[in-house]
Every structure is written in C-alpha cells, then in structure tokens.
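Below is one structure, written out as structure tokens; the observations come after it.
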Amino acid sequence: MVALLGLALASPALTADFAADDHLHRVISRDDTSIDGMPSRPLDLFVFADGNPDHARRLRDEGVYPWWTDLEIKLAFLRPVTSATHAADHALWPDNATAMLVHNLVWLVLALGVVWLFYRRFAEGRWIAVLALGLYAIDDARGPVVGWIANRNALVCLVLAVPVLLAHDRWRRDGWARGRWVGPPLLAVALLAGEAALAIVAYLAAHALWLDRGPVRDRVLALAPYAAVVIVWRVVYELLGYGVTGSGIYLDPGADPAAFAAAAAVRVPLLLLGQLGLPWSDLASLYPLMGAGVMTTMVAIAVAVLVAIALACARLLRVDPVSRFFATGMVLAAIPVASTFPADRLLGFVGLGAMGLVAQLLAAAMRRRDLLGVAWPRRAAAMVIVTAMVLTHVAMAPVFLVMRSRSMVTINFFLDRADAGVPSGPNISDKTVIIAAAPNDAFASYILVMRAARRQVRPAHLYWLANGSSPVTIERAGDRVLRVTPEGGFLRYEIDRMLRTPARRFTPGETIALTGLIIEIESVTADGRPRSVLARFDRPLDDPSLVWRRWHKATYVPYVPPAMGASETLPAADLLKMLEEKE
C-alpha cells in the first residue's frame, strides 16, 4: 500500500511528453538520424559526444554544438541494458511518450520493491522498514526520475544493484554460501545499466564497516570480488572508447582526480542538503548566476544543516550500527554522483541511506527519546531537527512529488517556446539562423534535435554567438564583422561548460571556421577563456540568407545587428524570471 501511494503520487508524470534528451534518443535510434555527424546508435543511446573530432566538427557546423566546443569532447556512457529498454520502446511505440512513461512507472514499482527488501533486511523492526519505505516512496526526488524518459537508467540501476547488497548480506550474516558467487555477477550487470550502479559499492563498504561481524581480514577479502568487477568494468569501459573528456561539467574521477575532488567538495554537501532538506540540489547550477558569493553561502548553509542533523543523530549513531550503516552509505553514495552537476534525479542511491536514517531518527523520537540525547537542551535541539524532518519528508514531500513528477513538462515548455521563436516554414531549410546570445547551450542546441525527432523542417545551420548567462555586448566592427564581448568572458559559469572545460585554453588569433562564418579569438582572459571574439561573415549581415534572433523573456525574437561603429548590450537571460513567464 505504501509503494502504491508513491506510485500514485508520481503518476502525474504521465501528462509529460518527450523532452530534451528524449528527442536525442528518438533521433539516434533511427537508421538515418538526418543530422550530419550524428551516427545511428539504437542500442547505444547514451553517447552524447563520441570523441571523434570529425563528428564534433560537423555537429558544430550544423549547430547542434556551439562554436567553442572542444573537438575532442567525449561524453560517452556505456549503458546497454538501459538502452535495450529504450530500444523496446522505440520498436513498439516510437511516437508515444505516454507509453514510455508508463514503462518508467513499471521500473519505479520494481525499484520500490527492491527498496522494500533493502529496508526489511536492515531496518530494526518491520514498522521502521515500512516507515523508511514510505519516506523513500513519497520523496519528491523520485519525481524528476520517473517523469523523464531519458533518465530511466537511474531506476534500472537501482533495481539491478540493490540485490547485489542483499545477496552479499545473506552470505556474510546468514551464511548463504551462494551469495558469494551471486553478488559480483549482479554488480557487473548493474554497471551495464549505468554508472550510477557504482553507488552500491558505497553500501558494500558501509556494510563491511558496521554490519559484517567477521574478522577485518575476512571483511576486506569479501569485498575483493566486487573491486575486481569494478576494475575490469573500468578497463573494458575505456578500451571500448567510453568515458568523459573535455567537459567542464561532467568529470571523470579516474582521469582527473584533483578536479573531481575540488568539484565534489562543493557538490556533495549540496546533494546531501537536497536529499535531507531543502532547497533542491537542482538549483545549484543557478547559484553562480545569482551573485558572486551565493554558491559559497549555499555550501556553508548545506554544511551547517548537515552538521545539525549529524548532532541530532549523534547518540543514535553511537549506539546503533544500522544507523551508522545508513549514514555511511548515504554519504559515500553521494561521491560518485558528484561527477556531474547536482540534481535530485541522481539521488536514488543516496536516498536509500538517507530515508533509512531519517526513519531510525523518527522511530527514536517516538519510542526511545534517550537516543536523541540525555541532557534536556540536546534532546530539545534534536526534536527541532525531528520536527523539520517530519515537515520536509512527511508533510511537504508528497505535494512536491506530484509537482516534480511533471518537472519535464516545464522544461519542455521552455524548449518549445525557444523553438517557436525560430522560423519553421519551408523556406527556412536553406537559411542560417544566427542567435546573438542564447540563454545557454540547451536553448539552442536542442532546437535542431527536436525538429529532427519530429521530422520538421529545420535551418541549414543554427549558430549562437554567445551564451547569455551574463550581459553580452555586440559591436559592429566592420561591414561583415561583429565583435562579441560577454561580461566576464566566455565560459564564465559552469552552466556554459558542458562541451568545453576552461582547462582547454584559447589563444588570441585562433579561428573556428563554420559555414559562412569564421569566429576569431580577439582576446582572452587570464585563464585562457575568450574575452572577446570577432564574428566574420562571408556575406552582408542583412543578406536574406541570414535569419537573426535574440532572446527576449522566454523566446527568440527578430534581431537587427547594430549599425556600423555602434554597439548594443543585450541583458543576461534571467532563467528564474522565465518561471514567471510560464505563469
């Protein structure tokens, strides 16, 4: 009944449609993608950039990638098991988003089933297990997962990975010998569903620390087969050409541990705050746009809240190994998630330990208040945290889950509004659309992909001169030349660095050749980012083959470049105000 409640609260996801990467999956599942440089990959859907410079060059020239893209960019994820579930969708109901979302809900039911087995196995008492399952099932972090077709891998990973831990526990604590041989192969299969399955290793480590009663040497040796599976998987992963290179958002812990550690120090607290409290971790990408000190402030708040929760749980953690297991697994599971930008859709494994710990805390408040502290002031402070947990995870979470299960409806609304601002008539097929400044890459690059997925007419090329995450000055520097200068330079914010890390420096005089347009790096910042560029066109700017657009409120509108010698500063796109435009 608890699982069905979670399913019911997430069911508004069925009102969503294809959005963002869903369109990309539809395109690359076809024999002919119709996009130059984008090969068909019906059983390998999670290769967003394959590291092939020729493919990147052609995608950049068509307008799927921005001009600053690193030609060696690689965002390639080995997920054949999950790809197979999407392949089934594309074979059975290729144009039916509702059917695909029903498929997501089926995986949610399976996920809640294995989560119940997890809590039933480890929680102290059936009623606490039910409470933990309820907290997990109605957690609003489930919403963005089930409501986005392309994010199904998170559910598939959870369904396949949790049994790894259950088999291991039965072996180590119950003496079920087969568990020794069942767990590692299950882990291998789970890793083929998605990299997120690595998070179950966090719970295996936490299990060895706090629940395994064997000698230390035996505990370590018991984990060796899982380590071997991970090592072999990683080697095969790289040999097959998968991995991450050149992105300033996706980071590979194995390739650049220093950069990953620096990012994780910021991302992990925000992820844990999003799981245990508010605000949602998804907002982290916007903090730098809100002001210079906002990110630092939010990380400090996250750390303070986490310390307060830890203090409230201190006595419980001291006396209860199960609570230590939940807490340790939660924290360790957040580390691999930090390889990309924070988002609640990534919290499936983190939530396992988090909701288990919260259930233990609420149970202590109801039955064993001495576990909250012996002295009255400390117990009172712990009860404040308990009250906050009830408000967040019992009162507010179900309401947010209903809303967030439709989160992709909002994303789709904005992307469709952006697409509507670009001409779509039959005469656009031989035109080049020039966007003076797009809010960010997604609001430009998805346009061609969406139209390809819908088999609609699209421009021959679509270029955006800059991202509007900060004000952009456009100056007429010649008859066919524009000087483009974003405040603070290009690639200033992490949100703009999906396809290029600032570590790949530009040099003055460097040129990027596109069809009918050459971008020349005029000057660079101290850290090698373009400060200003010259956009040199091969025809007059008022040539009818060029269709000019700029961003206004929540869509693109016609734009006329400045007159000779004049300049204009376009305001930064306010992504938060866009929500008001939807209303």
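Every chain in the structure tokens takes a letter, A first, then B, and so on in the order presented; its residues are numbered from 1, and the ligands are numbered from 1 following the presented order.
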>> DSSP on the backbone, strand (DSSP E or B) only: what residues of range 284-464 of chain A does that give? Format it as number ranges by chain.
In response: A: 432-435, 438, 461-464
Excluding Tyr559 in chain A and residues on its chain fewer than 5 positions from it, collect all residues at most 10 Å away from it, counting only C-alpha atoms, and give them as an mmCIF file with C-alpha atoms, in the first residue's frame.
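Dumped to part-v7.cif:
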```
data_model
loop_
_atom_site.group_PDB
_atom_site.id
_atom_site.type_symbol
_atom_site.label_atom_id
_atom_site.label_comp_id
_atom_site.auth_asym_id
_atom_site.auth_seq_id
_atom_site.Cartn_x
_atom_site.Cartn_y
_atom_site.Cartn_z
ATOM 1 C CA ILE A 434 22.164 33.470 -36.108
ATOM 2 C CA ILE A 435 21.277 33.853 -32.437
ATOM 3 C CA ALA A 436 23.053 36.827 -30.897
ATOM 4 C CA VAL A 547 17.944 34.990 -40.053
ATOM 5 C CA TRP A 548 18.797 36.961 -36.919
ATOM 6 C CA ARG A 549 17.353 36.290 -33.487
ATOM 7 C CA ARG A 550 17.910 37.394 -29.896
ATOM 8 C CA TRP A 551 16.454 36.187 -26.585
#
```
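Around Pro502 in chain A, within 12 Å and counting only C-alpha atoms, the residues found are Trp68, Thr69, Asp70, Gly246, Ser247, Gly248, Ile249, Ala259, Gly489, Phe490, Leu491, Arg492, Tyr493, Glu494, Asp496, Arg497, Val524, Thr525, Ala526, Asp527, Gly528, Arg529 and Pro530 of chain A, once anything fewer than 5 positions away on its own chain is removed.
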>> as a PyMOL selection string, please: the residues near Val305 in chain A (cut-off 9 Å, only C-alpha atoms, same-chain neighbours under 5 positions excluded).
In response: chain A and resi 273+277+300+310
>> Between CA of Leu251 in chain A and CA of Val189 in chain A, what is the distance in Å, rounded to a tenth?
In response: 23.3 Å
> Got a sec: who's within 12 Å of Val268 in chain A, counting only C-alpha atoms, leaving out chain neighbours fewer than 5 positions off, as an NGL selection string?
Replying inline: :A and (260-263 or 273-275 or 281 or 284 or 299 or 302-303 or 306 or 330-344 or 346-347 or 350)
Resulting file, chosen residues, C-alpha atoms, as a CSV table (one decimal), in the first residue's frame:
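That gives us part-v6.csv:
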```csv
chain,number,residue,atom,x,y,z
A,260,PHE,CA,36.9,15.8,-9.3
A,261,ALA,CA,37.8,16.3,-5.6
A,262,ALA,CA,37.5,20.0,-5.9
A,263,ALA,CA,34.1,19.8,-7.5
A,273,LEU,CA,21.1,19.0,1.5
A,274,GLY,CA,18.8,18.4,-1.4
A,275,GLN,CA,18.2,14.8,-0.1
A,281,SER,CA,20.1,20.3,-5.4
A,284,ALA,CA,23.0,24.6,-7.6
A,299,VAL,CA,27.6,25.4,0.6
A,302,ALA,CA,24.5,23.0,3.5
A,303,VAL,CA,27.4,22.1,5.8
A,306,LEU,CA,24.3,18.6,7.8
A,330,MET,CA,24.4,7.8,2.1
A,331,VAL,CA,27.5,9.9,2.3
A,332,LEU,CA,29.7,7.6,0.3
A,333,ALA,CA,27.0,7.1,-2.4
A,334,ALA,CA,26.9,10.9,-2.9
A,335,ILE,CA,30.6,10.9,-4.1
A,336,PRO,CA,30.2,9.2,-7.5
A,337,VAL,CA,27.1,11.2,-8.1
A,338,ALA,CA,29.3,14.4,-7.8
A,339,SER,CA,30.8,13.6,-11.2
A,340,THR,CA,28.2,15.8,-12.8
A,341,PHE,CA,26.1,18.9,-11.8
A,342,PRO,CA,23.9,18.4,-8.8
A,343,ALA,CA,20.3,17.2,-9.5
A,344,ASP,CA,17.8,15.4,-7.3
A,346,LEU,CA,20.6,11.4,-9.2
A,347,LEU,CA,19.7,10.7,-5.6
A,350,VAL,CA,21.7,8.4,-1.7
```
>> Taking the DSSP secondary structure from the backbone, can you list the residues of range 93-213 of chain A that are helix (DSSP H, G or I), as a ChimeraX atom specification?
In response: /A:97-122,126-137,142-146,149-174,179-191,195-210
Each range 195-292 of chain A residue no farther than 12 Å from range 80-88 of chain A, nearest pair in Å, only C-alpha atoms, as a Markdown table:
```
| residue | atom | partner | partner_atom | distance |
| --- | --- | --- | --- | --- |
| A:Glu195 | CA | A:Thr82 | CA | 11.1 |
| A:Ala196 | CA | A:Thr82 | CA | 11.9 |
| A:Ala197 | CA | A:Thr82 | CA | 12.0 |
| A:Tyr237 | CA | A:Pro80 | CA | 11.8 |
```
Keeping N, CA and C atoms, export the residues of the selection given above as a PDB file, in the first residue's frame.
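So the final result, stored in again25.pdb, reads:
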```
ATOM      1  N   GLU A 195      26.395   3.942 -14.890  1.00  0.00           N
ATOM      2  CA  GLU A 195      27.485   4.186 -13.945  1.00  0.00           C
ATOM      3  C   GLU A 195      26.984   4.414 -12.525  1.00  0.00           C
ATOM      4  N   ALA A 196      25.728   4.814 -12.388  1.00  0.00           N
ATOM      5  CA  ALA A 196      25.165   5.068 -11.061  1.00  0.00           C
ATOM      6  C   ALA A 196      25.205   3.837 -10.170  1.00  0.00           C
ATOM      7  N   ALA A 197      25.244   2.655 -10.785  1.00  0.00           N
ATOM      8  CA  ALA A 197      25.284   1.421 -10.003  1.00  0.00           C
ATOM      9  C   ALA A 197      26.526   1.325  -9.128  1.00  0.00           C
ATOM     10  N   TYR A 237      35.483  -0.445 -20.196  1.00  0.00           N
ATOM     11  CA  TYR A 237      34.820   0.837 -20.470  1.00  0.00           C
ATOM     12  C   TYR A 237      35.726   1.737 -21.310  1.00  0.00           C
TER      13      TYR A 237
END
```
Env of range 393-404 of chain A: 9 Å cut, atoms = only C-alpha atoms, seq-sep filter 4 positions within chain, self excluded. Answer as an mmCIF file with N, CA and C atoms, in the first residue's frame.
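Written out: result_19.cif:
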```
data_model
loop_
_atom_site.group_PDB
_atom_site.id
_atom_site.type_symbol
_atom_site.label_atom_id
_atom_site.label_comp_id
_atom_site.auth_asym_id
_atom_site.auth_seq_id
_atom_site.Cartn_x
_atom_site.Cartn_y
_atom_site.Cartn_z
ATOM 1 N N GLY A 6 3.204 5.841 -3.304
ATOM 2 C CA GLY A 6 4.289 6.505 -4.037
ATOM 3 C C GLY A 6 4.046 6.502 -5.523
ATOM 4 N N ALA A 8 1.111 6.368 -7.022
ATOM 5 C CA ALA A 8 0.007 7.284 -7.320
ATOM 6 C C ALA A 8 0.478 8.728 -7.346
ATOM 7 N N LEU A 9 1.337 9.092 -6.393
ATOM 8 C CA LEU A 9 1.817 10.468 -6.323
ATOM 9 C C LEU A 9 2.731 10.801 -7.499
ATOM 10 N N ALA A 10 3.399 9.787 -8.054
ATOM 11 C CA ALA A 10 4.294 10.015 -9.198
ATOM 12 C C ALA A 10 3.575 9.901 -10.534
ATOM 13 N N SER A 11 2.345 9.407 -10.528
ATOM 14 C CA SER A 11 1.635 9.147 -11.786
ATOM 15 C C SER A 11 1.338 10.388 -12.624
ATOM 16 N N PRO A 12 1.293 11.613 -12.077
ATOM 17 C CA PRO A 12 1.142 12.777 -12.967
ATOM 18 C C PRO A 12 2.250 12.887 -14.015
ATOM 19 N N ALA A 13 3.313 12.129 -13.852
ATOM 20 C CA ALA A 13 4.367 12.096 -14.881
ATOM 21 C C ALA A 13 3.793 11.698 -16.235
ATOM 22 N N GLY A 134 8.066 4.213 3.125
ATOM 23 C CA GLY A 134 7.130 5.311 2.882
ATOM 24 C C GLY A 134 7.856 6.613 2.618
ATOM 25 N N LEU A 135 8.863 6.909 3.425
ATOM 26 C CA LEU A 135 9.633 8.139 3.231
ATOM 27 C C LEU A 135 10.321 8.148 1.868
ATOM 28 N N TYR A 136 10.843 6.981 1.472
ATOM 29 C CA TYR A 136 11.519 6.889 0.175
ATOM 30 C C TYR A 136 10.519 7.017 -0.966
ATOM 31 N N ILE A 138 7.549 8.463 -1.138
ATOM 32 C CA ILE A 138 6.898 9.760 -1.337
ATOM 33 C C ILE A 138 7.908 10.904 -1.422
ATOM 34 N N ASP A 139 9.190 10.575 -1.404
ATOM 35 C CA ASP A 139 10.227 11.609 -1.518
ATOM 36 C C ASP A 139 10.103 12.276 -2.884
ATOM 37 N N ASP A 140 10.073 13.596 -2.908
ATOM 38 C CA ASP A 140 9.888 14.306 -4.174
ATOM 39 C C ASP A 140 11.064 14.121 -5.125
ATOM 40 N N ALA A 141 12.199 13.621 -4.640
ATOM 41 C CA ALA A 141 13.328 13.343 -5.535
ATOM 42 C C ALA A 141 13.001 12.233 -6.532
ATOM 43 N N ARG A 142 11.964 11.428 -6.246
ATOM 44 C CA ARG A 142 11.542 10.405 -7.209
ATOM 45 C C ARG A 142 10.911 11.039 -8.445
ATOM 46 N N GLY A 143 10.346 12.227 -8.301
ATOM 47 C CA GLY A 143 9.610 12.859 -9.387
ATOM 48 C C GLY A 143 10.411 13.092 -10.650
ATOM 49 N N PRO A 144 11.547 13.800 -10.568
ATOM 50 C CA PRO A 144 12.324 14.050 -11.789
ATOM 51 C C PRO A 144 12.844 12.784 -12.456
ATOM 52 N N GLY A 147 9.627 11.087 -14.254
ATOM 53 C CA GLY A 147 8.990 11.969 -15.219
ATOM 54 C C GLY A 147 9.816 12.264 -16.450
ATOM 55 N N LEU A 276 18.225 15.548 2.218
ATOM 56 C CA LEU A 276 17.752 15.575 3.606
ATOM 57 C C LEU A 276 16.882 16.779 3.924
ATOM 58 N N GLY A 277 16.977 17.819 3.117
ATOM 59 C CA GLY A 277 16.213 19.026 3.412
ATOM 60 C C GLY A 277 15.856 19.778 2.152
ATOM 61 N N MET A 355 16.817 7.966 3.796
ATOM 62 C CA MET A 355 15.483 7.689 4.336
ATOM 63 C C MET A 355 15.533 6.610 5.412
ATOM 64 N N VAL A 358 16.617 8.683 8.450
ATOM 65 C CA VAL A 358 15.512 9.521 8.933
ATOM 66 C C VAL A 358 14.467 8.661 9.641
ATOM 67 N N ALA A 388 11.596 19.217 11.816
ATOM 68 C CA ALA A 388 11.932 19.652 10.458
ATOM 69 C C ALA A 388 11.887 18.482 9.490
ATOM 70 N N MET A 389 12.347 17.304 9.932
ATOM 71 C CA MET A 389 12.299 16.122 9.083
ATOM 72 C C MET A 389 10.859 15.723 8.761
ATOM 73 N N MET A 408 9.450 17.777 -16.175
ATOM 74 C CA MET A 408 9.854 17.832 -17.573
ATOM 75 C C MET A 408 8.808 18.542 -18.435
#
```
>> Neighbouring residues of Phe122 in chain A were defined as those with any atom within 9 Å, considering only C-alpha atoms; residues of the same chain fewer than 5 positions away were excluded. Please report them as number ranges by chain.
In response: A: 117, 129, 322, 356
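Compared by their closest atoms to Gln360 in chain A, and using only C-alpha atoms, the residues A:Ala132, A:Ala381, A:Ala572, A:Ala19 rank with A:Ala132 nearest.
The space between CA of Val386 in chain A and CA of Met298 in chain A spans 22.0 Å.
Our summary of the geometry notes that CA of Ala150 in chain A is positioned 12.4 Å from CA of Val47 in chain A.
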